[in-house]
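What follows is the content of protein_4.txt, which has compact mmCIF, C-alpha atoms:
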# COMPACT_ATOMS: atom_id res chain seq x y z
CA MET M 1 -19.40 6.32 12.62
CA ALA M 2 -18.94 9.75 11.09
CA ARG M 3 -19.88 11.93 8.18
CA PHE M 4 -17.36 14.46 6.90
CA ASN M 5 -16.44 17.03 9.53
CA ALA M 6 -16.34 20.73 8.60
CA ASN M 7 -12.71 20.66 7.48
CA SER M 8 -13.08 17.47 5.43
CA LEU M 9 -16.31 18.76 3.89
CA GLY M 10 -14.49 21.84 2.63
CA VAL M 11 -11.81 19.65 1.06
CA ALA M 12 -14.48 17.36 -0.40
CA GLN M 13 -16.20 20.28 -2.08
CA GLU M 14 -12.89 21.43 -3.56
CA ILE M 15 -12.27 17.92 -4.90
CA ILE M 16 -15.74 17.66 -6.45
CA ALA M 17 -15.27 21.03 -8.16
CA ARG M 18 -12.31 19.64 -10.12
CA TYR M 19 -14.52 17.22 -12.04
CA PRO M 20 -17.10 18.00 -14.72
CA VAL M 21 -19.11 15.01 -13.48
CA PRO M 22 -19.35 14.89 -9.64
CA ARG M 23 -19.43 11.09 -9.41
CA SER M 24 -15.91 11.06 -10.89
CA ALA M 25 -14.71 12.27 -7.48
CA LEU M 26 -15.73 9.03 -5.72
CA ILE M 27 -12.28 7.55 -5.24
CA PRO M 28 -10.53 10.67 -3.86
CA LEU M 29 -13.54 11.29 -1.58
CA LEU M 30 -13.25 7.74 -0.22
CA HIS M 31 -9.56 8.35 0.47
CA LEU M 32 -10.52 11.58 2.22
CA ALA M 33 -13.03 9.73 4.40
CA GLN M 34 -10.39 7.18 5.32
CA GLU M 35 -7.89 9.91 6.13
CA GLN M 36 -10.44 11.47 8.51
CA ASP M 37 -11.42 8.35 10.46
CA GLY M 38 -8.80 5.71 9.66
CA TYR M 39 -11.35 3.71 7.65
CA VAL M 40 -14.42 4.41 5.50
CA THR M 41 -17.51 4.47 7.69
CA GLU M 42 -21.08 3.72 6.59
CA ASP M 43 -22.06 7.31 7.39
CA ALA M 44 -19.18 8.66 5.32
CA MET M 45 -20.28 6.58 2.34
CA ALA M 46 -23.84 7.89 2.72
CA HIS M 47 -22.49 11.46 2.90
CA ILE M 48 -20.38 10.93 -0.23
CA ALA M 49 -23.43 9.58 -2.05
CA GLU M 50 -25.34 12.76 -1.18
CA LEU M 51 -22.49 15.01 -2.30
CA VAL M 52 -22.00 13.44 -5.74
CA GLY M 53 -25.59 12.38 -6.47
CA VAL M 54 -25.30 8.60 -6.53
CA THR M 55 -26.73 5.82 -4.37
CA PRO M 56 -24.94 4.57 -1.25
CA ALA M 57 -24.75 1.18 -2.98
CA GLU M 58 -22.63 2.68 -5.76
CA VAL M 59 -20.27 4.21 -3.22
CA MET M 60 -20.06 0.87 -1.41
CA GLY M 61 -19.35 -0.91 -4.69
CA THR M 62 -16.46 1.43 -5.44
CA CYS M 63 -15.10 1.24 -1.90
CA SER M 64 -15.24 -2.56 -1.76
CA PHE M 65 -13.40 -2.91 -5.08
CA TYR M 66 -10.16 -1.32 -3.86
CA GLU M 67 -8.08 -3.26 -1.33
CA MET M 68 -6.47 -0.13 0.14
CA LEU M 69 -9.85 1.25 1.22
CA LYS M 70 -10.85 -0.26 4.57
CA ARG M 71 -14.42 -0.56 5.82
CA ALA M 72 -13.51 -1.54 9.38
CA PRO M 73 -10.97 -0.15 11.85
CA VAL M 74 -7.37 -1.21 11.30
CA GLY M 75 -4.09 -0.45 13.03
CA GLU M 76 -2.28 2.84 12.90
CA TYR M 77 0.19 1.18 10.57
CA MET M 78 -0.72 -1.22 7.77
CA VAL M 79 2.16 -3.62 7.05
CA ASN M 80 1.60 -5.41 3.74
CA ILE M 81 4.13 -8.14 2.97
CA CYS M 82 4.27 -9.13 -0.68
CA ASN M 83 4.04 -12.84 -1.44
CA GLY M 84 4.03 -12.57 -5.24
CA ILE M 85 6.24 -14.95 -7.19
CA SER M 86 9.44 -12.87 -7.06
CA CYS M 87 9.10 -12.17 -3.35
CA HIS M 88 8.06 -15.76 -2.63
CA LEU M 89 11.16 -17.13 -4.36
CA LEU M 90 13.33 -14.80 -2.28
CA GLY M 91 11.86 -15.75 1.08
CA SER M 92 8.70 -13.74 1.70
CA SER M 93 6.79 -16.76 3.03
CA ASP M 94 9.42 -17.12 5.74
CA LEU M 95 9.19 -13.37 6.36
CA ILE M 96 5.42 -13.62 6.78
CA HIS M 97 5.81 -16.46 9.30
CA HIS M 98 8.42 -14.38 11.14
CA ALA M 99 6.04 -11.41 11.16
CA GLU M 100 3.24 -13.57 12.59
CA ALA M 101 5.50 -14.74 15.40
CA THR M 102 6.86 -11.25 16.08
CA LEU M 103 3.49 -9.49 16.11
CA GLY M 104 1.40 -12.31 17.56
CA VAL M 105 -1.23 -12.01 14.82
CA ARG M 106 -2.01 -13.72 11.55
CA PRO M 107 -2.49 -11.79 8.29
CA GLY M 108 -5.63 -9.70 8.62
CA GLY M 109 -5.11 -9.26 12.37
CA THR M 110 -4.18 -6.19 14.40
CA THR M 111 -1.83 -6.13 17.38
CA ASP M 112 -3.35 -5.68 20.84
CA ASP M 113 -1.95 -2.16 21.12
CA GLY M 114 -3.77 -1.16 17.91
CA LYS M 115 -0.51 -0.14 16.28
CA ILE M 116 0.00 -2.64 13.46
CA THR M 117 -2.27 -4.55 11.11
CA LEU M 118 -0.50 -7.34 9.21
CA GLU M 119 -1.51 -8.31 5.68
CA ALA M 120 -0.06 -10.71 3.13
CA VAL M 121 -0.66 -9.48 -0.41
CA GLU M 122 -0.07 -10.96 -3.85
CA CYS M 123 1.90 -8.20 -5.54
CA ILE M 124 2.99 -4.64 -4.82
CA ALA M 125 4.76 -4.15 -8.17
CA ALA M 126 8.33 -4.04 -6.90
CA CYS M 127 9.71 -7.35 -8.16
CA THR M 128 13.24 -6.00 -8.63
CA GLU M 129 13.39 -5.20 -4.92
CA ALA M 130 12.10 -8.51 -3.54
CA PRO M 131 11.32 -9.45 -0.87
CA CYS M 132 9.49 -6.23 -0.12
CA LEU M 133 6.67 -4.82 1.95
CA GLN M 134 4.76 -1.60 2.40
CA VAL M 135 4.07 0.43 5.53
CA ASN M 136 0.90 2.43 4.91
CA TYR M 137 1.63 1.86 1.21
CA ARG M 138 5.18 3.23 1.38
CA TYR M 139 7.79 0.77 0.13
CA ARG M 140 10.44 -1.06 2.14
CA ASN M 141 12.71 -3.12 -0.11
CA ARG M 142 14.82 -6.28 0.29
CA VAL M 143 13.51 -6.85 3.79
CA THR M 144 15.17 -9.42 6.07
CA ALA M 145 13.86 -10.75 9.39
CA ASP M 146 16.23 -8.37 11.19
CA ASP M 147 14.98 -5.47 9.06
CA PHE M 148 11.42 -6.38 10.00
CA ASP M 149 12.21 -6.46 13.71
CA GLN M 150 13.85 -3.03 13.46
CA LEU M 151 10.82 -1.71 11.56
CA VAL M 152 8.41 -2.98 14.22
CA SER M 153 10.49 -1.33 16.93
CA GLU M 154 10.40 1.98 15.04
CA LEU M 155 6.66 1.75 14.44
CA ARG M 156 5.94 1.09 18.08
CA ASP M 157 8.19 3.99 19.10
CA ASP M 158 6.66 6.23 16.39
CA THR M 159 10.12 6.89 14.96
CA ALA M 160 9.55 5.24 11.57
CA LYS M 161 9.05 7.44 8.53
CA ALA M 162 5.47 6.51 7.70
CA ALA M 163 2.49 8.69 6.91
CA PRO M 164 -0.75 7.99 8.81
CA HIS M 165 -2.85 5.18 7.40
CA GLY M 166 -5.40 6.40 4.91
CA GLN M 167 -3.50 9.50 3.90
CA LEU M 168 -3.59 9.96 0.15
CA ALA M 169 -0.20 10.74 -1.32
CA MET M 170 1.85 10.15 -4.41
CA VAL M 171 4.20 7.21 -3.85
CA ARG M 172 7.42 7.01 -5.82
CA GLN M 173 9.80 4.10 -5.76
CA HIS M 174 13.50 4.67 -6.38
CA ILE M 175 15.37 1.87 -8.09
CA GLY M 176 19.15 2.27 -8.20
CA ASP M 177 21.10 2.05 -11.45
CA ASP M 178 22.49 -1.33 -10.40
CA ARG M 179 18.94 -2.74 -10.28
CA ARG M 180 17.35 -1.12 -13.34
CA ALA M 181 16.51 -3.40 -16.24
CA GLY M 182 17.69 -0.79 -18.72
CA VAL M 183 16.98 -0.57 -22.43
CA SER M 184 17.68 -3.67 -24.52
CA PRO M 185 19.87 -2.87 -27.55
CA PRO M 186 18.70 -3.91 -31.04
CA ASN M 187 19.36 -7.51 -32.09
CA GLY M 188 23.01 -8.15 -32.85
CA GLN M 189 24.29 -5.26 -30.75
CA GLY M 190 25.07 -7.08 -27.55
CA GLU M 191 23.32 -8.12 -24.36
CA PRO M 192 21.15 -5.75 -22.31
CA ALA M 193 22.63 -4.56 -19.02
CA TRP M 194 20.27 -6.66 -16.93
CA MET M 195 21.46 -9.85 -18.64
CA ALA M 196 25.10 -9.02 -17.99
CA ARG M 197 24.29 -8.51 -14.30
CA ASN M 198 22.38 -11.80 -14.09
CA PRO M 199 24.33 -14.36 -16.13
CA SER M 200 22.75 -17.75 -16.73
CA ASP M 201 23.98 -20.55 -14.50
CA ASN M 202 23.19 -23.35 -16.96
CA GLY M 203 26.53 -23.07 -18.72
CA ASP M 204 25.23 -22.78 -22.28
CA GLY M 205 25.01 -18.99 -22.42
CA SER M 206 21.25 -19.01 -22.96
If you took the structure in this file and wrote it as structure tokens, what would it be?
Amino acid sequence: MARFNANSLGVAQEIIARYPVPRSALIPLLHLAQEQDGYVTEDAMAHIAELVGVTPAEVMGTCSFYEMLKRAPVGEYMVNICNGISCHLLGSSDLIHHAEATLGVRPGGTTDDGKITLEAVECIAACTEAPCLQVNYRYRNRVTADDFDQLVSELRDDTAKAAPHGQLAMVRQHIGDDRRAGVSPPNGQGEPAWMARNPSDNGDGS
């Protein structure tokens, strides 16, 4: 269990200074605590409460609301496989079963070497790229069983491009032109590009 160390405390103070109301810094401070220790410790939450002038219960309430903030140790790499409707229809349930067999853990579990924690999640907002997953909240799209096996090998060899778990960063997802929905033209001016790429198979043109 740990409070902020000297380096993290300096960063925390810089973060708090950006806000006119200190309590507004709660979420970035929780991310900072997780970046320091790999998860948000009880002591870190108490320290954050002191820094922004709220109760530890309020910090706990904020921390427990957000799925990406962990209150117990997890693996070096968080692998979240989406099982939302688009991913499910394109095979994510089979991918999750494959992941369980490959890693030897069920969703919520961590491999014996402490490298990988497996999670099944409802949606990661990348339906056009299904089935997809995230490694420490960085996207991997259209993942097959073979892709997953290659990813696991890279993670265990530390050759995968993945930031450390807990590190706060801006995540951007690139969707190629062939997968973009595009702008729908006004009525009477033709079909939108996405409809032309995905013609109906019911034969009536609807």
Residues of stretch 7-86 of chain M that have any atom at most 9 Å from an atom of stretch 93-106 of chain M: could you tabulate them with the shortest-distance atom pair and the distance in Å to one decimal, using only C-alpha atoms, ordered by chain and increasing number, as JSON lines?
{"residue": "M:Ile81", "atom": "CA", "partner": "M:Ile96", "partner_atom": "CA", "distance": 6.8}
{"residue": "M:Cys82", "atom": "CA", "partner": "M:Ile96", "partner_atom": "CA", "distance": 8.8}
{"residue": "M:Asn83", "atom": "CA", "partner": "M:Ser93", "partner_atom": "CA", "distance": 6.6}
Just how far from atom CA of M:Cys87 is atom CA of M:Glu67, in Å to one decimal? 19.5 Å
Using all atoms listed in the file, which residues sit within 7 Å of M:Asp43 once same-chain residues fewer than 2 positions away are excluded, as a compact mmCIF listing (two decimals) with C-alpha atoms, in the frame of the given file?
# COMPACT_ATOMS: atom_id res chain seq x y z
CA MET M 1 -19.40 6.32 12.62
CA ALA M 2 -18.94 9.75 11.09
CA ARG M 3 -19.88 11.93 8.18
CA THR M 41 -17.51 4.47 7.69
CA MET M 45 -20.28 6.58 2.34
CA ALA M 46 -23.84 7.89 2.72
CA HIS M 47 -22.49 11.46 2.90
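Omitting M:Asn5 and its sequence neighbours fewer than 3 positions away, and counting all atoms listed in the file, the residues within 12 Å are Met1, Ala2, Ser8, Leu9, Gly10, Val11, Ala12, Leu32, Ala33, Glu35, Gln36, Asp37, Asp43, Ala44 and His47 of chain M.
Note that atom CA of M:Val40 and atom CA of M:Tyr77 are 15.8 Å apart.
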Can you pull out the residues contacting M:Cys63? Cut-off 10 Å, using only C-alpha atoms, and skip same-chain residues under 6 positions away; I want them as number ranges by chain. M: 26-27, 30-31, 40, 45, 57, 69-71
Residues within 8 Å of M:Ala25, please, as a PyMOL selection string. Count only C-alpha atoms; anything in the same chain fewer than 5 positions from it doesn't count. chain M and resi 15-16+19+52
Expected file: the selected residues, C-alpha atoms, as a PDB file, keeping the file's coordinate frame:
ATOM      1  CA  ILE M  15     -12.270  17.920  -4.900  1.00  0.00           C
ATOM      2  CA  ILE M  16     -15.740  17.660  -6.450  1.00  0.00           C
ATOM      3  CA  TYR M  19     -14.520  17.220 -12.040  1.00  0.00           C
ATOM      4  CA  VAL M  52     -22.000  13.440  -5.740  1.00  0.00           C
TER       5      VAL M  52
END
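Minimum atom-to-atom distances from M:Asp147, M:Val74, M:Gln34, M:Arg23 to M:Thr55 were compared using all atoms listed in the file, and the lowest value belongs to M:Arg23.
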Give, as JSON, the centre coordinates and the x, y and z edge lengths in Å to one decimal for an axis-aligned box around all listed atoms of stretch 140-158 of chain M, padded by 8 Å on each side.
{"center_x": 11.1, "center_y": -2.3, "center_z": 9.5, "size_x": 26.3, "size_y": 33.0, "size_z": 35.2}
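Put simply, atom CA of M:Ile85 is 21.6 Å away from atom CA of M:Tyr66.
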Kindly reconstruct stretch 26-61 of chain M with N, CA and C atoms and present the result as a short mmCIF file (atom, residue, chain, number, x, y, z; two decimals), in the coordinates of the input.
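The result, stored in result.cif:
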data_model
loop_
_atom_site.label_atom_id
_atom_site.label_comp_id
_atom_site.auth_asym_id
_atom_site.auth_seq_id
_atom_site.Cartn_x
_atom_site.Cartn_y
_atom_site.Cartn_z
N LEU M 26 -15.49 10.07 -6.72
CA LEU M 26 -15.73 9.03 -5.72
C LEU M 26 -14.46 8.53 -5.04
N ILE M 27 -13.47 8.16 -5.83
CA ILE M 27 -12.28 7.55 -5.24
C ILE M 27 -11.52 8.53 -4.34
N PRO M 28 -11.20 9.75 -4.79
CA PRO M 28 -10.53 10.67 -3.86
C PRO M 28 -11.37 11.01 -2.62
N LEU M 29 -12.69 11.03 -2.76
CA LEU M 29 -13.54 11.29 -1.58
C LEU M 29 -13.47 10.12 -0.60
N LEU M 30 -13.39 8.91 -1.11
CA LEU M 30 -13.25 7.74 -0.22
C LEU M 30 -11.91 7.78 0.50
N HIS M 31 -10.86 8.18 -0.19
CA HIS M 31 -9.56 8.35 0.47
C HIS M 31 -9.65 9.43 1.54
N LEU M 32 -10.36 10.49 1.25
CA LEU M 32 -10.52 11.58 2.22
C LEU M 32 -11.25 11.08 3.46
N ALA M 33 -12.29 10.30 3.26
CA ALA M 33 -13.03 9.73 4.40
C ALA M 33 -12.13 8.84 5.24
N GLN M 34 -11.29 8.06 4.58
CA GLN M 34 -10.39 7.18 5.32
C GLN M 34 -9.32 7.97 6.05
N GLU M 35 -8.87 9.07 5.45
CA GLU M 35 -7.89 9.91 6.13
C GLU M 35 -8.50 10.52 7.39
N GLN M 36 -9.78 10.85 7.35
CA GLN M 36 -10.44 11.47 8.51
C GLN M 36 -10.59 10.49 9.67
N ASP M 37 -11.04 9.27 9.38
CA ASP M 37 -11.42 8.35 10.46
C ASP M 37 -10.55 7.10 10.57
N GLY M 38 -9.62 6.91 9.63
CA GLY M 38 -8.80 5.71 9.66
C GLY M 38 -9.40 4.57 8.86
N TYR M 39 -10.68 4.66 8.52
CA TYR M 39 -11.35 3.71 7.65
C TYR M 39 -12.59 4.41 7.10
N VAL M 40 -13.26 3.78 6.13
CA VAL M 40 -14.42 4.41 5.50
C VAL M 40 -15.68 3.94 6.21
N THR M 41 -16.33 4.83 6.91
CA THR M 41 -17.51 4.47 7.69
C THR M 41 -18.76 4.43 6.80
N GLU M 42 -19.80 3.77 7.31
CA GLU M 42 -21.08 3.72 6.59
C GLU M 42 -21.64 5.13 6.42
N ASP M 43 -21.55 5.95 7.47
CA ASP M 43 -22.06 7.31 7.39
C ASP M 43 -21.30 8.14 6.37
N ALA M 44 -19.98 7.92 6.30
CA ALA M 44 -19.18 8.66 5.32
C ALA M 44 -19.59 8.28 3.90
N MET M 45 -19.85 6.99 3.67
CA MET M 45 -20.28 6.58 2.34
C MET M 45 -21.63 7.19 1.98
N ALA M 46 -22.54 7.26 2.97
CA ALA M 46 -23.84 7.89 2.72
C ALA M 46 -23.67 9.38 2.41
N HIS M 47 -22.74 10.04 3.12
CA HIS M 47 -22.49 11.46 2.90
C HIS M 47 -21.91 11.68 1.50
N ILE M 48 -20.98 10.83 1.11
CA ILE M 48 -20.38 10.93 -0.23
C ILE M 48 -21.45 10.76 -1.30
N ALA M 49 -22.35 9.80 -1.09
CA ALA M 49 -23.43 9.58 -2.05
C ALA M 49 -24.27 10.84 -2.23
N GLU M 50 -24.57 11.51 -1.11
CA GLU M 50 -25.34 12.76 -1.18
C GLU M 50 -24.58 13.84 -1.95
N LEU M 51 -23.28 13.94 -1.71
CA LEU M 51 -22.49 15.01 -2.30
C LEU M 51 -22.34 14.87 -3.81
N VAL M 52 -22.26 13.62 -4.30
CA VAL M 52 -22.00 13.44 -5.74
C VAL M 52 -23.23 12.95 -6.49
N GLY M 53 -24.35 12.73 -5.80
CA GLY M 53 -25.59 12.38 -6.47
C GLY M 53 -25.69 10.96 -6.98
N VAL M 54 -25.15 10.02 -6.18
CA VAL M 54 -25.30 8.60 -6.53
C VAL M 54 -25.92 7.88 -5.33
N THR M 55 -26.18 6.59 -5.48
CA THR M 55 -26.73 5.82 -4.37
C THR M 55 -25.62 5.37 -3.43
N PRO M 56 -25.93 5.13 -2.16
CA PRO M 56 -24.94 4.57 -1.25
C PRO M 56 -24.38 3.24 -1.74
N ALA M 57 -25.22 2.47 -2.46
CA ALA M 57 -24.75 1.18 -2.98
C ALA M 57 -23.62 1.37 -3.98
N GLU M 58 -23.69 2.43 -4.80
CA GLU M 58 -22.63 2.68 -5.76
C GLU M 58 -21.34 3.07 -5.06
N VAL M 59 -21.46 3.85 -4.00
CA VAL M 59 -20.27 4.21 -3.22
C VAL M 59 -19.68 2.97 -2.57
N MET M 60 -20.53 2.12 -2.01
CA MET M 60 -20.06 0.87 -1.41
C MET M 60 -19.37 -0.01 -2.45
N GLY M 61 -19.95 -0.09 -3.65
CA GLY M 61 -19.35 -0.91 -4.69
C GLY M 61 -17.96 -0.43 -5.05
#
